[in-house]
2 protein chains.
Amino acid sequence: MRLSKYFLKTSKTVSDEDKSVSAKLLKQAGFIRESVAGRFYFLPIGQRVQQKIMAIIKEEMDLADCQEMITPVLHPLELWEETNRTHTAGFELTKIKDRRGAEFVLGGTAEEMFVDLVRQYKLSYRDLPFHLYQFSSKFRDELRARGGLLRVREFIMKDGYSFHKDETDFKIEYEKIKKVYTKIFERLGLSTTIIEADNGYIGGEYCHEFVVESEIGESKYFVSTDNSYAAHEDVALFEKENKNINDKIEQLEEVSAVRGKTMEDGATLHGLPLWQQIKDVLFVDETDRFVLAIIRGDLDINETKLKNLLKITSLRHATDDEIRDKIKSEPGFISPVKIKDNIDKQINLIIISDDSLRTIVNAYGGSNKKDRDMLNVNIDRDFQPDIEGDIALAKDGYKAVNNAGQLCEKRGVEVGNIFQLGYYYSEKMKGAIYVDADGKEKPFYMGCYGIGIGRTMATIVEKHHDQKGMIWPEKVSPFRAHLISLEGAKDETDKLYNQMIDNCIDVLYDDRDKTAGEKFADADLIGLPVRIVISKKTLLQQSVELKRRDNTEPELVLLTSIIDRLS
Amino acid sequence: MRLSKYFLKTSKTVSDEDKSVSAKLLKQAGFIRESVAGRFYFLPIGQRVQQKIMAIIKEEMDLADCQEMITPVLHPLELWEETNRTHTAGFELTKIKDRRGAEFVLGGTAEEMFVDLVRQYKLSYRDLPFHLYQFSSKFRDELRARGGLLRVREFIMKDGYSFHKDETDFKIEYEKIKKVYTKIFERLGLSTTIIEADNGYIGGEYCHEFVVESEIGESKYFVSTDNSYAAHEDVALFEKENKNINDKIEQLEEVSAVRGKTMEDGATLHGLPLWQQIKDVLFVDETDRFVLAIIRGDLDINETKLKNLLKITSLRHATDDEIRDKIKSEPGFISPVKIKDNIDKQINLIIISDDSLRTIVNAYGGSNKKDRDMLNVNIDRDFQPDIEGDIALAKDGYKAVNNAGQLCEKRGVEVGNIFQLGYYYSEKMKGAIYVDADGKEKPFYMGCYGIGIGRTMATIVEKHHDQKGMIWPEKVSPFRAHLISLEGAKDETDKLYNQMIDNCIDVLYDDRDKTAGEKFADADLIGLPVRIVISKKTLLQQSVELKRRDNTEPELVLLTSIIDRLS
């Protein structure tokens, strides 16, 4: 491709408020351009990269016996109502009404569509398992779009859905796709970590993210020092070691406590360790129910864990007024002890206790009265949580479970994810069944699997660039070589260009009327694996200058052997 | 691909109200499945065909120096407002509001998007011309979806947009794309006719459709007997020969005319030829303006021509009450003569005359009064049209213009179209300019070019099928060969299947536990170019039975030579 004819316009700078290197470089090099926030044009050279990424994914998916197909972009709203996802996916969903009044969803994922397709056939156990996938536009009505292709409102996703007769069969596929994805990302130049993650609005019981370690990433996760455990912050477990569990249980005591509202104020006042204190946080959920979350004083609450334990989708902190007027308690002095005794009957309050409260005895904390604290508070005896579980926020250095060492905090970009769906969809959607060998109708056991193409492209740039520009891995590079003719070498370069084309070498030829400096800067910015320069000087030696983008040392190669060298 | 593992479910019948063969066969053979009316799943085997079609189009477009890229699916509404297409595209447009209140259009075409992209760069005449294209989902909020993939609400379109410095440069591209498209359709197994057409809501001055002759098609068009002229009904010209133009002009006369309301009633009553009568049709346009269209009595009005002449987008017939109350005339007795004299000043009435009224003198017709007619009505003397032009409906057998013989009526499917856009978009969209050699800023001269992928796929089936099923042309066939093992030949067939895979022969292997009859029926229905059957009988001769789908004669081919035969 001749640059003079190519719709590729680089720019020296980009006015960009966001901090991601990939956004800057991809825009500056003319690979992408924003339409409106979070919606991008992929320009011809950017589209080439996107297509190479998709081709590699397709190759590996097909090799793994997955079958490509395509669903409509508009999903009938009633399908999402069948699974109640119009509610759980919430405001990320874009809805449309056509002129006949039919309502649709611009899908963020397509579970309902695939189930609706599959249930239209009378399938038997002999038809199982199968794994269908597509590359299609996905939509997320994100409040904030940022980081170029890293968080967008519209993108192409490879999404796959597998159907199985049971969990055993599903698990084979799930483990297979872990390997397939790892290989795909390796071929794309990305080293991924598979971490346990929260499944968001997808449903199902467990899922994994494929993350590429990067400071720009939005996924905070932990890897144990022995590498045997990796999990997203929102699901990461850690060892909550016993503290004073063997101490003698003392009698509950209410004491005066003229203090501030923080945990530290309490610890200082009573001269007791932070971990012995009970931390109380009052939330309000989407049904206006009050949720009192309590945890050991040295730990923090992870709201995602809390929401999952409660099977709810949104939480907010209660206001001071609500604490006083509705719960009849006092900010900074909330306590689970007898808290339900004082409130009106129509107020719904639920107490959720982190299991860390089982690691201490004789705890202390507020008394639901200003300037009064309780000492020697003990679970079961003094308060009874409605639900107990893990709602604690993991932190760097915490002890990993299963003697796996310590948790080490990392940040990364989520480039892919895989979900166990189990019967989540097939039980909600009528007729999503197969006939088993025993003649009985049974729901499908399902999984789903996604890779965001644009985000993967951006992540490749995040991992492969330097000060001057991008450094494309060979397999996803838009072209193989960047050919530059300097002054006085046009004819020879034209000749070489034609030879390269004849030899099927994918080359970008900078034949523009620009200075050497401009051409070199653009070559570095665009970042093709190999740069070939022909000048009067190199021609004196019947040679070209060849330089790899990932290497600073140029070398002279004879004109007669450059084609062989590149083939 | 083993059929036992493939998500391909054929059915014996399809309950389908629509009459198109392609819809029936594609559904029955499991290539497509409807989600809701006009929105289709492409199942794995259908997606293979779609991808092969796209690959051929891409290959030819790239060869013709066109550059693939991609735009967002959601188009900012304000871009469509800049060109006023929110109004002209009317109800075919689907609009969306996101949760921040930003409004978008689900695009049916993407002119505004491409212009908006291109105008963001400071381009000069040196950057021109270029031709950008994409494959992307398009949306049409059609009232009726029908014919399977022939008229849908959502489909993949290859849409291209070219940018030029002037008309001369554009015309080179326009003629080039005519050849490229013709070649593309030939490679896809379709013979196309290029016809002049109406440009609908796209804008610009002229355009052409690529039609494949077929009774199922929605495009009615005419080809002259000498083949030099081809045009869609909505733009087709014909020769309106002079009738009594040399007769002496007689005096206008009003006579009693107790008659019915039809044209024939008038001709019978006065004993005069139909062509001498004036046909008056009263319409109301989108601005509530009355439009009196008049034409020679033996001709009919083409409403698209009328709308284009008036530059309006919608028309409806006036009611009898409107004719009487607003126009002070009488149904069946409307006349252009003095019709404006009696109506209220606030009523807006415009008279449009077909140029056929210049081919007659001493015409007759109504008088705007019940049971009274006028004789010897002459244009200019007795009435003055506001606009004169061609609003006549062409019909089979009419004389073609330029001595090209007669018009021959045909029906066809529009599989592609190309549009001169000229300055239509670049003059409406601010900044859609380049800097010319003279240093002046000038608007781009543009064209656009589209091929509907799904409709093309359906048209291939319309042209290539028989009673038993589809007959895929080699180049777009989902697989090369259909391999069938009959009872007692499983091991040998498995072996051959593996050999074929090793030799990169794209094969669909029917390894299912079905009867020979069922397997043969499915093979005919699916319609791969070659069927290979292995049975105990063929194995006796160390052979397979090979049959081409487009031929009834099977032949025996030695097992040892079948791979060579297919390679």
# chains A, B, ... in the order shown; residues from 1 in each chain; ligands from 1
>>> interface_residues(of="chain B", to="chain A", cutoff="6 Å", atoms="only C-alpha atoms", output="PyMOL selection string")
chain B and resi 39-44+47+68-72+96
>>> residues_around(residues="region 391-400 of chain A", least_positions_apart="6", cutoff="10 Å", atoms="only C-alpha atoms", output="PDB file with C-alpha atoms, in the first residue's frame")
ATOM      1  CA  TYR A 221      -6.581  -8.496  41.567  1.00  0.00           C
ATOM      2  CA  PHE A 222      -4.380 -10.566  43.807  1.00  0.00           C
ATOM      3  CA  VAL A 223      -1.957 -13.344  43.069  1.00  0.00           C
ATOM      4  CA  SER A 224      -0.608 -15.489  45.882  1.00  0.00           C
ATOM      5  CA  THR A 225       3.166 -15.543  46.310  1.00  0.00           C
ATOM      6  CA  ASP A 226       3.266 -19.201  45.260  1.00  0.00           C
ATOM      7  CA  SER A 228      -1.381 -21.029  42.930  1.00  0.00           C
ATOM      8  CA  TYR A 229      -4.175 -18.548  43.554  1.00  0.00           C
ATOM      9  CA  ALA A 230      -5.328 -15.541  41.529  1.00  0.00           C
ATOM     10  CA  ALA A 231      -8.541 -13.663  42.073  1.00  0.00           C
ATOM     11  CA  HIS A 232     -10.188 -10.335  41.398  1.00  0.00           C
ATOM     12  CA  GLU A 233     -10.545  -8.012  44.368  1.00  0.00           C
ATOM     13  CA  ASP A 234     -14.310  -8.543  44.267  1.00  0.00           C
ATOM     14  CA  VAL A 235     -14.024 -12.258  44.993  1.00  0.00           C
ATOM     15  CA  ALA A 236     -10.521 -12.656  46.471  1.00  0.00           C
ATOM     16  CA  LEU A 237     -10.435 -14.788  49.587  1.00  0.00           C
ATOM     17  CA  PHE A 238      -7.886 -14.458  52.348  1.00  0.00           C
ATOM     18  CA  GLU A 239      -7.150 -16.117  55.628  1.00  0.00           C
ATOM     19  CA  LYS A 240      -8.851 -14.405  58.547  1.00  0.00           C
ATOM     20  CA  GLU A 241      -6.724 -15.669  61.381  1.00  0.00           C
ATOM     21  CA  ALA A 293     -22.882  -4.829  57.429  1.00  0.00           C
ATOM     22  CA  ILE A 294     -20.508  -5.637  60.268  1.00  0.00           C
ATOM     23  CA  ILE A 295     -16.916  -6.734  60.117  1.00  0.00           C
ATOM     24  CA  ARG A 296     -13.771  -6.952  62.242  1.00  0.00           C
ATOM     25  CA  LEU A 299     -10.847  -5.031  57.833  1.00  0.00           C
ATOM     26  CA  ASP A 300     -12.888  -3.208  55.211  1.00  0.00           C
ATOM     27  CA  ILE A 301     -16.055  -4.209  53.428  1.00  0.00           C
ATOM     28  CA  ASN A 302     -16.086  -5.094  49.718  1.00  0.00           C
ATOM     29  CA  GLU A 303     -19.447  -3.931  48.452  1.00  0.00           C
ATOM     30  CA  THR A 304     -19.509  -6.362  45.528  1.00  0.00           C
ATOM     31  CA  LYS A 305     -19.097  -9.308  47.882  1.00  0.00           C
ATOM     32  CA  LEU A 306     -21.841  -7.821  50.057  1.00  0.00           C
ATOM     33  CA  LYS A 307     -24.177  -7.386  47.081  1.00  0.00           C
ATOM     34  CA  ASN A 308     -23.530 -10.918  45.879  1.00  0.00           C
ATOM     35  CA  LEU A 309     -24.146 -12.383  49.310  1.00  0.00           C
ATOM     36  CA  ILE A 352     -24.911  -9.173  57.564  1.00  0.00           C
ATOM     37  CA  SER A 353     -21.832 -10.274  59.419  1.00  0.00           C
ATOM     38  CA  ASP A 354     -18.450 -10.960  57.912  1.00  0.00           C
ATOM     39  CA  ASP A 355     -17.079 -14.273  59.117  1.00  0.00           C
ATOM     40  CA  SER A 356     -14.090 -12.415  60.581  1.00  0.00           C
ATOM     41  CA  GLN A 406       0.699 -13.824  50.797  1.00  0.00           C
ATOM     42  CA  LEU A 407      -1.634 -11.953  48.463  1.00  0.00           C
ATOM     43  CA  CYS A 408       0.171  -9.661  46.096  1.00  0.00           C
ATOM     44  CA  GLU A 409      -1.926  -6.826  44.667  1.00  0.00           C
ATOM     45  CA  LYS A 410      -1.850  -6.200  40.906  1.00  0.00           C
TER      46      LYS A 410
END
>>> select_by_dssp(residues="region 502-545 of chain A", states="strand (DSSP E)", output="list of chain:residue names")
A:Val507, A:Leu508, A:Tyr509, A:Asp510, A:Val530, A:Arg531, A:Ile532, A:Val533, A:Ile534, A:Ser543, A:Val544, A:Glu545
>>> residues_around(residues="Val507 (chain A)", least_positions_apart="5", cutoff="6 Å", atoms="only C-alpha atoms", output="PDB file with N, CA, C and O atoms, in the first residue's frame")
ATOM      1  N   PHE A 479       0.864  -4.238   8.692  1.00  0.00           N
ATOM      2  CA  PHE A 479       1.700  -4.614   7.542  1.00  0.00           C
ATOM      3  C   PHE A 479       2.969  -5.233   8.094  1.00  0.00           C
ATOM      4  O   PHE A 479       3.339  -5.020   9.241  1.00  0.00           O
ATOM      5  N   ARG A 480       3.651  -5.950   7.219  1.00  0.00           N
ATOM      6  CA  ARG A 480       4.884  -6.606   7.629  1.00  0.00           C
ATOM      7  C   ARG A 480       6.043  -5.617   7.689  1.00  0.00           C
ATOM      8  O   ARG A 480       6.868  -5.648   8.601  1.00  0.00           O
ATOM      9  N   ALA A 481       6.121  -4.747   6.690  1.00  0.00           N
ATOM     10  CA  ALA A 481       7.297  -3.890   6.572  1.00  0.00           C
ATOM     11  C   ALA A 481       6.916  -2.475   6.179  1.00  0.00           C
ATOM     12  O   ALA A 481       5.890  -2.234   5.541  1.00  0.00           O
ATOM     13  N   HIS A 482       7.749  -1.544   6.609  1.00  0.00           N
ATOM     14  CA  HIS A 482       7.546  -0.122   6.323  1.00  0.00           C
ATOM     15  C   HIS A 482       8.685   0.308   5.398  1.00  0.00           C
ATOM     16  O   HIS A 482       9.847   0.386   5.815  1.00  0.00           O
TER      17      HIS A 482
END
>>> closest_atom_pairs(of="region 445-486 of chain B", to="region 174-184 of chain B", cutoff="10 Å", atoms="only C-alpha atoms", output="tab-separated table")
residue	atom	partner	partner_atom	distance
B:Met446	CA	B:Tyr174	CA	9.9
B:Gly447	CA	B:Tyr174	CA	7.4
B:Cys448	CA	B:Tyr174	CA	8.8
B:Tyr449	CA	B:Ile177	CA	8.0
B:Gly450	CA	B:Tyr181	CA	9.5
B:Ile451	CA	B:Tyr181	CA	8.7
>>> closest_residue(among="A:Asp436, A:Glu414, A:Glu103, A:Asp341", to="Thr86 (chain A)", atoms="only C-alpha atoms")
A:Glu103
>>> closest_residue(among="B:Ser124, B:Gln251, B:Thr193, B:Thr319", to="Leu282 (chain B)", atoms="only C-alpha atoms")
B:Thr319
>>> residues_around(residues="Ile53 (chain B)", least_positions_apart="4", cutoff="10 Å", atoms="only C-alpha atoms", output="list in words")
Gln47, Arg48, Val49, Ile57, Lys58, Ile184, Phe185, Arg187, Leu188, Ile453, Gly454, Thr456, Met457, Lys475, Val476 and Ser477 of chain B
>>> residues_around(residues="region 321-328 of chain A", least_positions_apart="4", cutoff="8 Å", atoms="only C-alpha atoms", output="VMD selection string")
chain A and resid 282 339 to 340 342 to 344 347 368
>>> atom_distance(atom1="CA of Phe290 (chain B)", atom2="CA of Leu315 (chain B)")
9.5 Å
>>> atom_distance(atom1="CA of Gln51 (chain A)", atom2="CA of Ile505 (chain B)")
24.5 Å
>>> decode(residues="region 276-308 of chain B", atoms="N, CA, C and O atoms", output="mmCIF file, in the first residue's frame")
data_model
loop_
_atom_site.group_PDB
_atom_site.id
_atom_site.type_symbol
_atom_site.label_atom_id
_atom_site.label_comp_id
_atom_site.auth_asym_id
_atom_site.auth_seq_id
_atom_site.Cartn_x
_atom_site.Cartn_y
_atom_site.Cartn_z
ATOM 1 N N GLN B 276 -57.271 12.103 -25.627
ATOM 2 C CA GLN B 276 -57.576 13.528 -25.780
ATOM 3 C C GLN B 276 -58.128 14.124 -24.470
ATOM 4 O O GLN B 276 -58.262 15.333 -24.338
ATOM 5 N N GLN B 277 -58.409 13.233 -23.565
ATOM 6 C CA GLN B 277 -58.942 13.667 -22.281
ATOM 7 C C GLN B 277 -57.802 14.089 -21.340
ATOM 8 O O GLN B 277 -56.679 13.608 -21.474
ATOM 9 N N ILE B 278 -58.087 14.987 -20.423
ATOM 10 C CA ILE B 278 -57.110 15.335 -19.388
ATOM 11 C C ILE B 278 -57.439 14.531 -18.137
ATOM 12 O O ILE B 278 -58.580 14.542 -17.661
ATOM 13 N N LYS B 279 -56.412 13.791 -17.627
ATOM 14 C CA LYS B 279 -56.601 13.056 -16.378
ATOM 15 C C LYS B 279 -56.114 13.937 -15.239
ATOM 16 O O LYS B 279 -54.999 14.456 -15.275
ATOM 17 N N ASP B 280 -56.986 14.149 -14.242
ATOM 18 C CA ASP B 280 -56.640 15.012 -13.102
ATOM 19 C C ASP B 280 -56.627 14.171 -11.834
ATOM 20 O O ASP B 280 -57.605 13.502 -11.530
ATOM 21 N N VAL B 281 -55.522 14.227 -11.107
ATOM 22 C CA VAL B 281 -55.471 13.527 -9.817
ATOM 23 C C VAL B 281 -55.044 14.528 -8.749
ATOM 24 O O VAL B 281 -54.014 15.201 -8.892
ATOM 25 N N LEU B 282 -55.850 14.639 -7.718
ATOM 26 C CA LEU B 282 -55.551 15.589 -6.653
ATOM 27 C C LEU B 282 -54.904 14.875 -5.469
ATOM 28 O O LEU B 282 -55.452 13.916 -4.937
ATOM 29 N N PHE B 283 -53.704 15.370 -5.104
ATOM 30 C CA PHE B 283 -52.965 14.805 -3.964
ATOM 31 C C PHE B 283 -52.819 15.857 -2.874
ATOM 32 O O PHE B 283 -53.038 17.054 -3.097
ATOM 33 N N VAL B 284 -52.421 15.401 -1.682
ATOM 34 C CA VAL B 284 -52.039 16.309 -0.600
ATOM 35 C C VAL B 284 -50.626 15.917 -0.180
ATOM 36 O O VAL B 284 -50.348 14.726 -0.023
ATOM 37 N N ASP B 285 -49.717 16.887 -0.065
ATOM 38 C CA ASP B 285 -48.343 16.528 0.299
ATOM 39 C C ASP B 285 -48.111 16.684 1.799
ATOM 40 O O ASP B 285 -49.031 16.981 2.566
ATOM 41 N N GLU B 286 -46.852 16.459 2.220
ATOM 42 C CA GLU B 286 -46.538 16.438 3.660
ATOM 43 C C GLU B 286 -46.744 17.791 4.342
ATOM 44 O O GLU B 286 -46.839 17.865 5.565
ATOM 45 N N THR B 287 -46.828 18.869 3.542
ATOM 46 C CA THR B 287 -47.057 20.189 4.150
ATOM 47 C C THR B 287 -48.523 20.603 4.036
ATOM 48 O O THR B 287 -48.864 21.775 4.155
ATOM 49 N N ASP B 288 -49.399 19.634 3.725
ATOM 50 C CA ASP B 288 -50.839 19.884 3.550
ATOM 51 C C ASP B 288 -51.140 20.749 2.333
ATOM 52 O O ASP B 288 -52.209 21.361 2.238
ATOM 53 N N ARG B 289 -50.202 20.829 1.427
ATOM 54 C CA ARG B 289 -50.435 21.540 0.170
ATOM 55 C C ARG B 289 -51.193 20.607 -0.770
ATOM 56 O O ARG B 289 -50.928 19.399 -0.813
ATOM 57 N N PHE B 290 -52.137 21.167 -1.535
ATOM 58 C CA PHE B 290 -52.822 20.354 -2.543
ATOM 59 C C PHE B 290 -52.016 20.365 -3.838
ATOM 60 O O PHE B 290 -51.471 21.401 -4.233
ATOM 61 N N VAL B 291 -51.912 19.201 -4.428
ATOM 62 C CA VAL B 291 -51.134 19.039 -5.656
ATOM 63 C C VAL B 291 -52.062 18.464 -6.712
ATOM 64 O O VAL B 291 -52.527 17.326 -6.588
ATOM 65 N N LEU B 292 -52.371 19.256 -7.732
ATOM 66 C CA LEU B 292 -53.184 18.730 -8.831
ATOM 67 C C LEU B 292 -52.250 18.259 -9.939
ATOM 68 O O LEU B 292 -51.570 19.062 -10.581
ATOM 69 N N ALA B 293 -52.179 16.942 -10.116
ATOM 70 C CA ALA B 293 -51.322 16.380 -11.159
ATOM 71 C C ALA B 293 -52.190 16.074 -12.367
ATOM 72 O O ALA B 293 -53.231 15.426 -12.248
ATOM 73 N N ILE B 294 -51.786 16.590 -13.528
ATOM 74 C CA ILE B 294 -52.582 16.331 -14.734
ATOM 75 C C ILE B 294 -51.714 15.690 -15.795
ATOM 76 O O ILE B 294 -50.511 15.953 -15.902
ATOM 77 N N ILE B 295 -52.347 14.820 -16.594
ATOM 78 C CA ILE B 295 -51.603 14.021 -17.558
ATOM 79 C C ILE B 295 -52.560 13.625 -18.688
ATOM 80 O O ILE B 295 -53.790 13.690 -18.525
ATOM 81 N N ARG B 296 -51.997 13.240 -19.787
ATOM 82 C CA ARG B 296 -52.826 12.809 -20.922
ATOM 83 C C ARG B 296 -53.643 11.585 -20.498
ATOM 84 O O ARG B 296 -53.120 10.716 -19.788
ATOM 85 N N GLY B 297 -54.882 11.509 -20.966
ATOM 86 C CA GLY B 297 -55.833 10.510 -20.474
ATOM 87 C C GLY B 297 -55.444 9.061 -20.643
ATOM 88 O O GLY B 297 -55.893 8.188 -19.890
ATOM 89 N N ASP B 298 -54.582 8.752 -21.632
ATOM 90 C CA ASP B 298 -54.197 7.345 -21.836
ATOM 91 C C ASP B 298 -52.993 6.948 -20.984
ATOM 92 O O ASP B 298 -52.539 5.809 -21.039
ATOM 93 N N LEU B 299 -52.471 7.894 -20.220
ATOM 94 C CA LEU B 299 -51.286 7.603 -19.403
ATOM 95 C C LEU B 299 -51.648 7.607 -17.919
ATOM 96 O O LEU B 299 -52.687 8.126 -17.523
ATOM 97 N N ASP B 300 -50.729 7.023 -17.129
ATOM 98 C CA ASP B 300 -50.917 7.061 -15.679
ATOM 99 C C ASP B 300 -49.785 7.854 -15.035
ATOM 100 O O ASP B 300 -48.733 8.060 -15.636
ATOM 101 N N ILE B 301 -50.048 8.259 -13.801
ATOM 102 C CA ILE B 301 -49.040 9.028 -13.066
ATOM 103 C C ILE B 301 -48.164 8.087 -12.249
ATOM 104 O O ILE B 301 -48.638 7.137 -11.635
ATOM 105 N N ASN B 302 -46.843 8.349 -12.267
ATOM 106 C CA ASN B 302 -45.920 7.653 -11.374
ATOM 107 C C ASN B 302 -45.652 8.587 -10.189
ATOM 108 O O ASN B 302 -45.085 9.669 -10.355
ATOM 109 N N GLU B 303 -46.075 8.153 -9.021
ATOM 110 C CA GLU B 303 -45.999 9.058 -7.857
ATOM 111 C C GLU B 303 -44.569 9.391 -7.454
ATOM 112 O O GLU B 303 -44.302 10.462 -6.907
ATOM 113 N N THR B 304 -43.639 8.459 -7.678
ATOM 114 C CA THR B 304 -42.242 8.765 -7.334
ATOM 115 C C THR B 304 -41.714 9.889 -8.218
ATOM 116 O O THR B 304 -41.060 10.823 -7.740
ATOM 117 N N LYS B 305 -41.991 9.805 -9.525
ATOM 118 C CA LYS B 305 -41.590 10.895 -10.419
ATOM 119 C C LYS B 305 -42.202 12.217 -9.948
ATOM 120 O O LYS B 305 -41.550 13.263 -9.947
ATOM 121 N N LEU B 306 -43.488 12.144 -9.571
ATOM 122 C CA LEU B 306 -44.182 13.355 -9.127
ATOM 123 C C LEU B 306 -43.519 13.921 -7.863
ATOM 124 O O LEU B 306 -43.244 15.123 -7.775
ATOM 125 N N LYS B 307 -43.217 13.026 -6.914
ATOM 126 C CA LYS B 307 -42.574 13.487 -5.680
ATOM 127 C C LYS B 307 -41.195 14.088 -5.968
ATOM 128 O O LYS B 307 -40.818 15.117 -5.403
ATOM 129 N N ASN B 308 -40.445 13.445 -6.839
ATOM 130 C CA ASN B 308 -39.115 13.963 -7.147
ATOM 131 C C ASN B 308 -39.185 15.321 -7.837
ATOM 132 O O ASN B 308 -38.385 16.212 -7.548
#
